[in-house]
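As structure tokens, the structure follows; a few thoughts come after it.
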Amino acid sequence: MNTDMIFCPLFSGSSGNALFVQYGSTRLLIDAGKSGRMLEEALNMVGVDPATLDAILITHEHVDHIAGAGVMCRKYHIPVYANDATWSAMAGKFGKVPDGMRHIFETGNDFYLGDFGIQPFAIPHDAASPVGYRLWGGNVSISTATDLGYFPREVRDAVAGSSLVLLESNHDPDLLRMNPHYSEKLKHRILGTRGHLSNDACAQALLQLVNTGVRNVILGHLSGENNTPELALETNERLMEQEGVRLGKDLHLEVALRDRVGSVYTLEQKPVAWDA
């Protein structure tokens, strides 16, 4: 069995989210927030036949996370995993679920799916029962922490020491406040404790993660109108430099782009040190 873990943010942004991850012979999508056709094309770009997916893990019921999940489930008979509250909230958005394809987990309880160990943990967001995920394979783990109104200790502890973290850096607050296309209600929602992490809040969270041993972070779920990749990177890098975190040594930092398939990351197993 190939013991490397593969990760690729197919889409990560306010207009749609889907993450591919593989360990051993198990291939998963975390969310499926684009059309079925777009998801198929993105998977093909990284050499993955959609028919070989073993499951789709859903974080929450918002359309930018589930838009293509029902189509992919029905077309390729892919099992879908979500907690009970999320399944209830997806009713009417997901379409018919084929027999045997609906799986329910309990947030906070680990479970196994193929070669993966999976830990779903609660996140603060304005959805029924939203989660992030930590996926284990051997001694490597990947965590997703997006759609966060703030970064609580419980989320930090859930992803502490991960081999790689996809962390939300959604918006610049000044750009958001000045955006003439957003209503005051929408701005208040995004800026609230059940909304989305700003670049500044992300940087503070990132510093906490570095202190737990995280060394590889991808900034994700960027807003198309209220942020840019350059601004997200600049804001996060500035605080790291101020705090003495050496970029490229203590921390490798990249950005997942909203409108194109991201880089494919290969995480190798760490050698085990045995006592003499």
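Ordering of the structure tokens sets the chain letters (A, B, ...), residue numbers begin anew at 1 in every chain, and ligands are numbered from 1 in the order given.
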Against segment 230-251 of chain A, which residues of segment 177-215 of chain A fall within 7 Å? For each one I want the closest pair of atoms and the distance in Å (one decimal), counting only C-alpha atoms, rows by chain and increasing residue number, as a Markdown table.
```
| residue | atom | partner | partner_atom | distance |
| --- | --- | --- | --- | --- |
| A:Asn199 | CA | A:Ala232 | CA | 5.6 |
| A:Asp200 | CA | A:Thr235 | CA | 6.5 |
| A:Ala203 | CA | A:Asn236 | CA | 4.6 |
| A:Leu207 | CA | A:Met240 | CA | 6.9 |
| A:Arg215 | CA | A:Leu251 | CA | 4.6 |
```
Could you name the residues that touch Val140 of chain A at 8 Å or less, counting only C-alpha atoms, but leaving out those on the same chain fewer than 5 positions away, as a PDB file with N, CA, C and O atoms, in the first residue's frame?
```pdb
ATOM      1  N   MET A   5       0.073  10.380   1.803  1.00  0.00           N
ATOM      2  CA  MET A   5      -1.266  10.951   1.755  1.00  0.00           C
ATOM      3  C   MET A   5      -1.265  12.052   0.702  1.00  0.00           C
ATOM      4  O   MET A   5      -0.341  12.866   0.630  1.00  0.00           O
ATOM      5  N   SER A 162      -1.271  18.934  13.127  1.00  0.00           N
ATOM      6  CA  SER A 162      -1.567  18.287  11.847  1.00  0.00           C
ATOM      7  C   SER A 162      -0.407  18.459  10.871  1.00  0.00           C
ATOM      8  O   SER A 162       0.327  19.454  10.903  1.00  0.00           O
ATOM      9  N   SER A 163      -0.266  17.490   9.982  1.00  0.00           N
ATOM     10  CA  SER A 163       0.774  17.584   8.954  1.00  0.00           C
ATOM     11  C   SER A 163       0.492  18.709   7.979  1.00  0.00           C
ATOM     12  O   SER A 163       1.416  19.340   7.454  1.00  0.00           O
ATOM     13  N   LEU A 267       2.099  14.068   1.185  1.00  0.00           N
ATOM     14  CA  LEU A 267       2.629  14.050   2.545  1.00  0.00           C
ATOM     15  C   LEU A 267       3.165  12.661   2.846  1.00  0.00           C
ATOM     16  O   LEU A 267       2.422  11.680   2.851  1.00  0.00           O
ATOM     17  N   GLU A 268       4.467  12.589   3.091  1.00  0.00           N
ATOM     18  CA  GLU A 268       5.102  11.305   3.347  1.00  0.00           C
ATOM     19  C   GLU A 268       5.022  10.967   4.831  1.00  0.00           C
ATOM     20  O   GLU A 268       4.999  11.836   5.696  1.00  0.00           O
ATOM     21  N   GLN A 269       4.964   9.664   5.103  1.00  0.00           N
ATOM     22  CA  GLN A 269       4.972   9.209   6.492  1.00  0.00           C
ATOM     23  C   GLN A 269       6.267   9.604   7.173  1.00  0.00           C
ATOM     24  O   GLN A 269       7.355   9.546   6.592  1.00  0.00           O
ATOM     25  N   LYS A 270       6.156   9.995   8.422  1.00  0.00           N
ATOM     26  CA  LYS A 270       7.356  10.342   9.201  1.00  0.00           C
ATOM     27  C   LYS A 270       8.022   9.071   9.686  1.00  0.00           C
ATOM     28  O   LYS A 270       7.349   8.124  10.093  1.00  0.00           O
TER      29      LYS A 270
END
```
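Ranking A:Asn216, A:Ser25, A:Thr193, A:Asn227 by their shortest atom-to-atom distance to Ser169 of chain A, with only C-alpha atoms included, puts A:Asn227 first.
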message: Between atom CA of Leu10 of chain A and atom CA of Asn211 of chain A, what distance in Å does the model show, to one decimal?
response: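 Rounded to one decimal, the two atoms are 28.2 Å apart.
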query: Excluding same-chain residues fewer than 4 positions from Asp54 of chain A, what lies within 9 Å of it counting only C-alpha atoms, as a PyMOL selection string?
result: chain A and resi 26-29+78-79+113-114
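Closest approach to Ile30 of chain A among A:Gly95, A:Thr146, A:Gly192, A:Arg74: A:Thr146, based on only C-alpha atoms.
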query: Neighbours of segment 13-21 of chain A within 9 Å (only C-alpha atoms; same-chain residues fewer than 5 positions away dropped), as a ChimeraX atom specification?
result: /A:5-8,26-34,39,43,63-67,135,142,170,220-224,256-259
Can you list, as a compact mmCIF listing (two decimals) with C-alpha atoms, in the first residue's frame, every residue of segment 21-243 of chain A that DSSP puts in strand (DSSP E)?
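Okay, this is what ended up in states.txt:
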```txt
# COMPACT_ATOMS: atom_id res chain seq x y z
CA VAL A 21 -7.76 13.44 -0.34
CA GLN A 22 -6.30 9.95 -0.75
CA TYR A 23 -4.55 7.52 1.53
CA THR A 26 -9.19 5.14 -0.25
CA ARG A 27 -10.24 8.27 -2.14
CA LEU A 28 -12.54 10.89 -0.62
CA LEU A 29 -14.08 14.25 -1.37
CA ILE A 30 -14.63 16.69 1.46
CA ALA A 55 -17.19 8.63 -0.17
CA ILE A 56 -18.10 12.30 0.11
CA LEU A 57 -17.79 13.94 3.53
CA VAL A 80 -22.25 10.42 1.54
CA TYR A 81 -21.39 11.05 5.19
CA ALA A 82 -22.84 13.83 7.36
CA ASN A 83 -24.23 14.22 10.85
CA ARG A 102 -26.81 7.80 3.34
CA HIS A 103 -24.41 7.53 6.28
CA ILE A 104 -24.66 9.35 9.60
CA PHE A 105 -21.85 10.05 12.07
CA PHE A 111 -14.79 6.66 12.77
CA TYR A 112 -13.00 4.71 10.06
CA LEU A 113 -13.64 4.91 6.35
CA PHE A 116 -8.68 6.64 6.83
CA GLY A 117 -9.36 7.45 10.44
CA ILE A 118 -11.71 10.45 10.54
CA GLN A 119 -12.39 12.92 13.34
CA PRO A 120 -15.31 15.32 12.73
CA PHE A 121 -15.23 18.31 15.10
CA ALA A 122 -17.70 21.14 15.67
CA VAL A 131 -18.01 20.38 11.23
CA GLY A 132 -14.38 20.42 10.23
CA TYR A 133 -12.45 17.22 9.66
CA ARG A 134 -9.14 15.73 10.66
CA LEU A 135 -8.18 12.76 8.50
CA TRP A 136 -5.52 10.32 9.70
CA GLY A 137 -3.41 7.86 7.72
CA VAL A 140 0.15 11.77 8.85
CA SER A 141 -2.97 13.87 9.20
CA ILE A 142 -4.75 16.58 7.21
CA SER A 143 -7.24 18.99 8.76
CA THR A 144 -9.81 21.37 7.32
CA ALA A 145 -10.90 24.44 9.29
CA LEU A 164 -1.21 20.04 6.82
CA VAL A 165 -4.12 22.39 7.58
CA LEU A 166 -6.50 24.14 5.19
CA LEU A 167 -7.36 27.29 7.16
CA GLU A 168 -9.93 29.92 6.27
CA ASN A 216 2.19 23.34 6.37
CA VAL A 217 -0.85 25.58 5.90
CA ILE A 218 -3.00 26.41 2.90
CA LEU A 219 -5.15 29.52 3.16
CA GLY A 220 -8.61 28.78 1.79
```
- request: Would you mind reading off the distance between atom CA of Arg194 of chain A and atom CA of Ala127 of chain A, one decimal, in Å?
  value: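 Calculated distance between atom CA of Arg194 of chain A and atom CA of Ala127 of chain A is 8.4 Å.
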task: Would you please work out which residue, of A:Met72, A:Leu253, A:Met38, A:Val159, is nearest to Pro50 of chain A when using only C-alpha atoms?
output: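 Checking each candidate against Pro50 of chain A, we get A:Met72 as the closest.
Residues with any atom within 10 Å of Arg177 of chain A, counting only C-alpha atoms and excluding same-chain neighbours fewer than 4 positions away, are Asp172, Pro173, Tyr182, Ser183, Glu184, Lys187, His188, Leu191 and Asn226 of chain A.
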Got time to write the residues from that selection, all heavy atoms, as a PDB file, in the first residue's frame?
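Heads up, here's the output in result-v7.pdb:
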```pdb
ATOM      1  N   ASP A 172     -11.042  40.612   3.888  1.00  0.00           N
ATOM      2  CA  ASP A 172     -10.470  41.789   4.527  1.00  0.00           C
ATOM      3  C   ASP A 172     -11.642  42.612   5.055  1.00  0.00           C
ATOM      4  O   ASP A 172     -12.526  42.997   4.280  1.00  0.00           O
ATOM      5  CB  ASP A 172      -9.664  42.597   3.512  1.00  0.00           C
ATOM      6  CG  ASP A 172      -9.147  43.893   4.104  1.00  0.00           C
ATOM      7  OD1 ASP A 172      -8.064  43.871   4.701  1.00  0.00           O
ATOM      8  OD2 ASP A 172      -9.849  44.928   3.984  1.00  0.00           O
ATOM      9  N   PRO A 173     -11.713  42.888   6.358  1.00  0.00           N
ATOM     10  CA  PRO A 173     -12.884  43.576   6.916  1.00  0.00           C
ATOM     11  C   PRO A 173     -13.169  44.932   6.274  1.00  0.00           C
ATOM     12  O   PRO A 173     -14.341  45.293   6.087  1.00  0.00           O
ATOM     13  CB  PRO A 173     -12.522  43.727   8.397  1.00  0.00           C
ATOM     14  CG  PRO A 173     -11.576  42.605   8.668  1.00  0.00           C
ATOM     15  CD  PRO A 173     -10.775  42.466   7.408  1.00  0.00           C
ATOM     16  N   TYR A 182     -23.025  44.188  -1.051  1.00  0.00           N
ATOM     17  CA  TYR A 182     -23.447  43.380   0.093  1.00  0.00           C
ATOM     18  C   TYR A 182     -24.372  44.199   0.982  1.00  0.00           C
ATOM     19  O   TYR A 182     -24.085  45.356   1.296  1.00  0.00           O
ATOM     20  CB  TYR A 182     -22.227  42.929   0.912  1.00  0.00           C
ATOM     21  CG  TYR A 182     -21.497  41.725   0.358  1.00  0.00           C
ATOM     22  CD1 TYR A 182     -21.338  41.550  -1.008  1.00  0.00           C
ATOM     23  CD2 TYR A 182     -20.954  40.768   1.205  1.00  0.00           C
ATOM     24  CE1 TYR A 182     -20.656  40.452  -1.512  1.00  0.00           C
ATOM     25  CE2 TYR A 182     -20.267  39.668   0.708  1.00  0.00           C
ATOM     26  CZ  TYR A 182     -20.121  39.518  -0.658  1.00  0.00           C
ATOM     27  OH  TYR A 182     -19.452  38.439  -1.161  1.00  0.00           O
ATOM     28  N   SER A 183     -25.466  43.590   1.421  1.00  0.00           N
ATOM     29  CA  SER A 183     -26.370  44.251   2.353  1.00  0.00           C
ATOM     30  C   SER A 183     -25.717  44.347   3.730  1.00  0.00           C
ATOM     31  O   SER A 183     -24.777  43.599   4.051  1.00  0.00           O
ATOM     32  CB  SER A 183     -27.678  43.474   2.461  1.00  0.00           C
ATOM     33  OG  SER A 183     -27.443  42.223   3.084  1.00  0.00           O
ATOM     34  N   GLU A 184     -26.227  45.235   4.559  1.00  0.00           N
ATOM     35  CA  GLU A 184     -25.695  45.355   5.913  1.00  0.00           C
ATOM     36  C   GLU A 184     -25.937  44.067   6.693  1.00  0.00           C
ATOM     37  O   GLU A 184     -25.110  43.668   7.520  1.00  0.00           O
ATOM     38  CB  GLU A 184     -26.338  46.541   6.628  1.00  0.00           C
ATOM     39  CG  GLU A 184     -25.872  47.888   6.098  1.00  0.00           C
ATOM     40  CD  GLU A 184     -24.351  48.053   6.137  1.00  0.00           C
ATOM     41  OE1 GLU A 184     -23.752  47.723   7.187  1.00  0.00           O
ATOM     42  OE2 GLU A 184     -23.773  48.492   5.122  1.00  0.00           O
ATOM     43  N   LYS A 187     -23.228  41.635   5.615  1.00  0.00           N
ATOM     44  CA  LYS A 187     -21.942  42.028   6.208  1.00  0.00           C
ATOM     45  C   LYS A 187     -21.887  41.640   7.677  1.00  0.00           C
ATOM     46  O   LYS A 187     -20.874  41.120   8.165  1.00  0.00           O
ATOM     47  CB  LYS A 187     -21.734  43.527   6.043  1.00  0.00           C
ATOM     48  CG  LYS A 187     -21.531  43.983   4.606  1.00  0.00           C
ATOM     49  CD  LYS A 187     -21.423  45.502   4.524  1.00  0.00           C
ATOM     50  CE  LYS A 187     -21.313  45.964   3.078  1.00  0.00           C
ATOM     51  NZ  LYS A 187     -21.211  47.435   2.963  1.00  0.00           N
ATOM     52  N   HIS A 188     -22.981  41.892   8.387  1.00  0.00           N
ATOM     53  CA  HIS A 188     -23.030  41.564   9.813  1.00  0.00           C
ATOM     54  C   HIS A 188     -22.882  40.059  10.013  1.00  0.00           C
ATOM     55  O   HIS A 188     -22.192  39.614  10.948  1.00  0.00           O
ATOM     56  CB  HIS A 188     -24.359  42.057  10.401  1.00  0.00           C
ATOM     57  CG  HIS A 188     -24.502  41.787  11.860  1.00  0.00           C
ATOM     58  ND1 HIS A 188     -23.821  42.514  12.823  1.00  0.00           N
ATOM     59  CD2 HIS A 188     -25.241  40.857  12.537  1.00  0.00           C
ATOM     60  CE1 HIS A 188     -24.140  42.054  14.021  1.00  0.00           C
ATOM     61  NE2 HIS A 188     -25.002  41.054  13.878  1.00  0.00           N
ATOM     62  N   LEU A 191     -19.184  39.007   9.427  1.00  0.00           N
ATOM     63  CA  LEU A 191     -18.300  39.511  10.478  1.00  0.00           C
ATOM     64  C   LEU A 191     -18.608  38.924  11.849  1.00  0.00           C
ATOM     65  O   LEU A 191     -17.830  39.101  12.789  1.00  0.00           O
ATOM     66  CB  LEU A 191     -18.401  41.038  10.557  1.00  0.00           C
ATOM     67  CG  LEU A 191     -17.852  41.812   9.352  1.00  0.00           C
ATOM     68  CD1 LEU A 191     -18.291  43.257   9.401  1.00  0.00           C
ATOM     69  CD2 LEU A 191     -16.327  41.709   9.303  1.00  0.00           C
ATOM     70  N   ASN A 226     -14.226  40.322  -1.533  1.00  0.00           N
ATOM     71  CA  ASN A 226     -13.719  41.004  -0.350  1.00  0.00           C
ATOM     72  C   ASN A 226     -12.315  40.562   0.053  1.00  0.00           C
ATOM     73  O   ASN A 226     -11.902  40.758   1.194  1.00  0.00           O
ATOM     74  CB  ASN A 226     -14.676  40.778   0.822  1.00  0.00           C
ATOM     75  CG  ASN A 226     -16.097  41.163   0.475  1.00  0.00           C
ATOM     76  OD1 ASN A 226     -16.352  42.276   0.035  1.00  0.00           O
ATOM     77  ND2 ASN A 226     -17.020  40.220   0.646  1.00  0.00           N
TER      78      ASN A 226
END
```
task: Mind the document's chain letters and residue numbers, and return as number ranges by chain the residues of segment 94-267 of chain A that DSSP labels alpha helix (DSSP H).
output: A: 153-159, 173-178, 184-191, 199-211, 229-242
message: I need the residue nearest Lys93 of chain A from this list: A:Arg153, A:His62, A:His252, A:His196. Use only C-alpha atoms for the distance.
response: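 Comparing A:Arg153, A:His62, A:His252, A:His196 against Lys93 of chain A, the winner is A:His62.
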message: Residues within 10 Å of Ala160 of chain A, please, as a ChimeraX atom specification. Count only C-alpha atoms; anything in the same chain fewer than 6 positions from it doesn't count.
response: /A:134,143,154,208-214
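With only C-alpha atoms as the basis for measurement, A:Asp99 is the residue among A:Asp99, A:Asp174, A:Glu61, A:Asp49 that approaches Cys73 of chain A most closely.
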